[in-house]
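Working notes for the structure below.
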Amino acid sequence: MNASVALYIEIVSVILSLTYLFLMIRENIWCWSFGIVSSILSIILFLDAKLYSESILYFFYVLIGIYGWYTWGIKGKEETFKINLWNTKNHILALVVGFGLSFFVGYLFDENTDANNPYVDAHTSIFGIVASYMEAHKVLTGWLFWIVLNGISVWLYWTRGLEIYAGLMVVYFVMSFAGFYEWRRRLKIQNG
């Protein structure tokens with residue numbers, strides 16, 4: 001891909017991603033539309049950078065964006081669709097399945113493609129799916145998953161020459177703390 005085209009796509013995607021994050025923290029349903037478009041642009045960039053697991057992850061982000069928009073639209077009309085907490089069993093299940101799938105996907109890409117950092121790429125991708133599912137269901141601790149994932153993604157994107165995306169992940173890393181504290185504050189208010 002032409003470097004100037006890639007840079008333009010990266011900048012537009014980052015702007016849309018920041019809009020998504022700002023609206024997600026505020027629990028605004030329109031976050032999903034910005035996330036969908038940003039994810040489509042990201043797929044193009046990650047395929048070019050040979051980050052195949054990230055490409056698959058961002059395809060999933062398109063799907064979870066549609067699912068999230070639908071879920072928040074339908075459940076958002078219900079009084080019961082509020083920020084919630086998972087029990088320990090759900091967290092353990094998410095971690096065990098996440099690590100298992102991450103190693104499996106990492107192995108597949110390591111053995112069968114020219115992927116860069118296949119195991120790190122696979123872990124951020126698989127746990128990104130887990131965290132996105134948690135977001136769609138307004139699970140507070142999903143923000144903690146994002147804190148770790150965004151921190152690792154700074155390094156991953158930087159090593160692939162995606163400096164703007166690496167910068168975006170720095171912002172996401174900081175904003176994930178803000179999202180966690182804001183959602184925790186709202187949870188306390190909703191639980192009276």
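Labeling convention for the structure tokens: chains A, B, ... as they appear, residues from 1 per chain, ligands from 1 in order of appearance.
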Original post:
What lies within 10 Å of His137 of chain A using only C-alpha atoms, ignoring chain neighbours under 3 positions off, as a list in words?
Top reply: Gly68, Thr71, Trp72, Lys75, Phe81, Lys82, Ile83, Asn84, Leu85, Ala131, Ser132, Tyr133, Met134, Leu140 and Gly142 of chain A
Output file for the residues above (N, CA and C atoms, as a PDB file, in the first residue's frame):
```
ATOM      1  N   GLY A  68     -23.219  -4.876  19.564  1.00  0.00           N
ATOM      2  CA  GLY A  68     -23.316  -3.901  20.649  1.00  0.00           C
ATOM      3  C   GLY A  68     -24.390  -2.859  20.386  1.00  0.00           C
ATOM      4  N   THR A  71     -27.634  -4.644  20.888  1.00  0.00           N
ATOM      5  CA  THR A  71     -27.857  -4.946  22.303  1.00  0.00           C
ATOM      6  C   THR A  71     -28.180  -3.686  23.094  1.00  0.00           C
ATOM      7  N   TRP A  72     -27.372  -2.651  22.908  1.00  0.00           N
ATOM      8  CA  TRP A  72     -27.629  -1.415  23.641  1.00  0.00           C
ATOM      9  C   TRP A  72     -28.949  -0.792  23.209  1.00  0.00           C
ATOM     10  N   LYS A  75     -31.722  -3.552  24.735  1.00  0.00           N
ATOM     11  CA  LYS A  75     -31.664  -3.617  26.191  1.00  0.00           C
ATOM     12  C   LYS A  75     -31.625  -2.229  26.818  1.00  0.00           C
ATOM     13  N   PHE A  81     -30.866  -2.928  32.040  1.00  0.00           N
ATOM     14  CA  PHE A  81     -29.590  -2.959  31.314  1.00  0.00           C
ATOM     15  C   PHE A  81     -28.688  -1.855  31.817  1.00  0.00           C
ATOM     16  N   LYS A  82     -27.924  -2.223  32.844  1.00  0.00           N
ATOM     17  CA  LYS A  82     -27.030  -1.267  33.488  1.00  0.00           C
ATOM     18  C   LYS A  82     -25.651  -1.889  33.586  1.00  0.00           C
ATOM     19  N   ILE A  83     -24.691  -1.110  34.018  1.00  0.00           N
ATOM     20  CA  ILE A  83     -23.349  -1.617  34.267  1.00  0.00           C
ATOM     21  C   ILE A  83     -23.450  -2.718  35.317  1.00  0.00           C
ATOM     22  N   ASN A  84     -22.708  -3.810  35.095  1.00  0.00           N
ATOM     23  CA  ASN A  84     -22.803  -4.932  36.016  1.00  0.00           C
ATOM     24  C   ASN A  84     -21.433  -5.550  36.251  1.00  0.00           C
ATOM     25  N   LEU A  85     -21.404  -6.516  37.151  1.00  0.00           N
ATOM     26  CA  LEU A  85     -20.168  -7.223  37.517  1.00  0.00           C
ATOM     27  C   LEU A  85     -20.318  -8.696  37.193  1.00  0.00           C
ATOM     28  N   ALA A 131     -12.836  -8.825  25.869  1.00  0.00           N
ATOM     29  CA  ALA A 131     -13.125  -7.499  26.426  1.00  0.00           C
ATOM     30  C   ALA A 131     -14.261  -6.813  25.677  1.00  0.00           C
ATOM     31  N   SER A 132     -14.328  -7.010  24.366  1.00  0.00           N
ATOM     32  CA  SER A 132     -15.413  -6.411  23.577  1.00  0.00           C
ATOM     33  C   SER A 132     -16.766  -7.006  23.951  1.00  0.00           C
ATOM     34  N   TYR A 133     -16.782  -8.313  24.155  1.00  0.00           N
ATOM     35  CA  TYR A 133     -18.014  -8.963  24.601  1.00  0.00           C
ATOM     36  C   TYR A 133     -18.458  -8.376  25.938  1.00  0.00           C
ATOM     37  N   MET A 134     -17.490  -8.188  26.822  1.00  0.00           N
ATOM     38  CA  MET A 134     -17.797  -7.611  28.129  1.00  0.00           C
ATOM     39  C   MET A 134     -18.346  -6.192  27.981  1.00  0.00           C
ATOM     40  N   LEU A 140     -18.225  -4.159  34.028  1.00  0.00           N
ATOM     41  CA  LEU A 140     -17.238  -3.188  34.494  1.00  0.00           C
ATOM     42  C   LEU A 140     -15.796  -3.641  34.295  1.00  0.00           C
ATOM     43  N   GLY A 142     -14.385  -5.337  32.178  1.00  0.00           N
ATOM     44  CA  GLY A 142     -13.884  -5.313  30.809  1.00  0.00           C
ATOM     45  C   GLY A 142     -12.844  -4.216  30.626  1.00  0.00           C
TER      46      GLY A 142
END
```
Considering only C-alpha atoms, give me a table of residues in segment 137-182 of chain A that are at most 12 Å from segment 44-47 of chain A, with the closest atom pair and distance in Å for each, as a tab-separated table.
```
residue	atom	partner	partner_atom	distance
A:Leu156	CA	A:Phe46	CA	11.4
A:Tyr157	CA	A:Phe46	CA	9.4
A:Arg160	CA	A:Phe46	CA	9.3
A:Gly161	CA	A:Phe46	CA	10.8
A:Leu162	CA	A:Leu45	CA	8.8
A:Ile164	CA	A:Leu45	CA	11.6
A:Tyr165	CA	A:Leu45	CA	10.1
```
Can I get the selection written as a CSV table (one decimal), in the first residue's frame, with C-alpha atoms?
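Result went into result-v5.csv, see below:
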```
chain,number,residue,atom,x,y,z
A,156,LEU,CA,3.1,-4.3,19.2
A,157,TYR,CA,2.0,-1.5,16.9
A,160,ARG,CA,5.3,-2.8,13.0
A,161,GLY,CA,5.8,0.9,12.1
A,162,LEU,CA,2.3,1.9,13.1
A,164,ILE,CA,0.0,6.6,15.1
A,165,TYR,CA,-1.8,3.5,16.2
```
**OP:** Run DSSP on the backbone and give me the residues of segment 40-158 of chain A it puts in alpha helix (DSSP H), as a PyMOL selection string.
**Re:** chain A and resi 40-48+52-75+88-112+118-136+142-158
Taking 6 positions as the minimum chain separation for residues in the same chain, which residues sit within 6 Å of Pro118 of chain A when counting only C-alpha atoms? Answer as a compact mmCIF listing (two decimals) with N, CA, C and O atoms, in the first residue's frame.
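Writing done, so here's part-v1.txt:
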```
# COMPACT_ATOMS: atom_id res chain seq x y z
N GLY A 106 -1.90 -18.39 18.05
CA GLY A 106 -0.50 -18.00 17.89
C GLY A 106 0.30 -19.08 17.20
O GLY A 106 1.10 -18.81 16.28
N PHE A 109 -0.64 -19.28 13.40
CA PHE A 109 -0.03 -18.20 12.61
C PHE A 109 1.49 -18.31 12.57
O PHE A 109 2.11 -17.98 11.56
N ASP A 110 2.09 -18.81 13.63
CA ASP A 110 3.54 -18.98 13.66
C ASP A 110 3.99 -20.05 12.66
O ASP A 110 4.99 -19.87 11.96
```
Original post:
Hey, which of A:Trp69, A:Trp143, A:Tyr172, A:Phe103 ends up closest to Phe22 of chain A? Count only C-alpha atoms.
Top reply: A:Tyr172
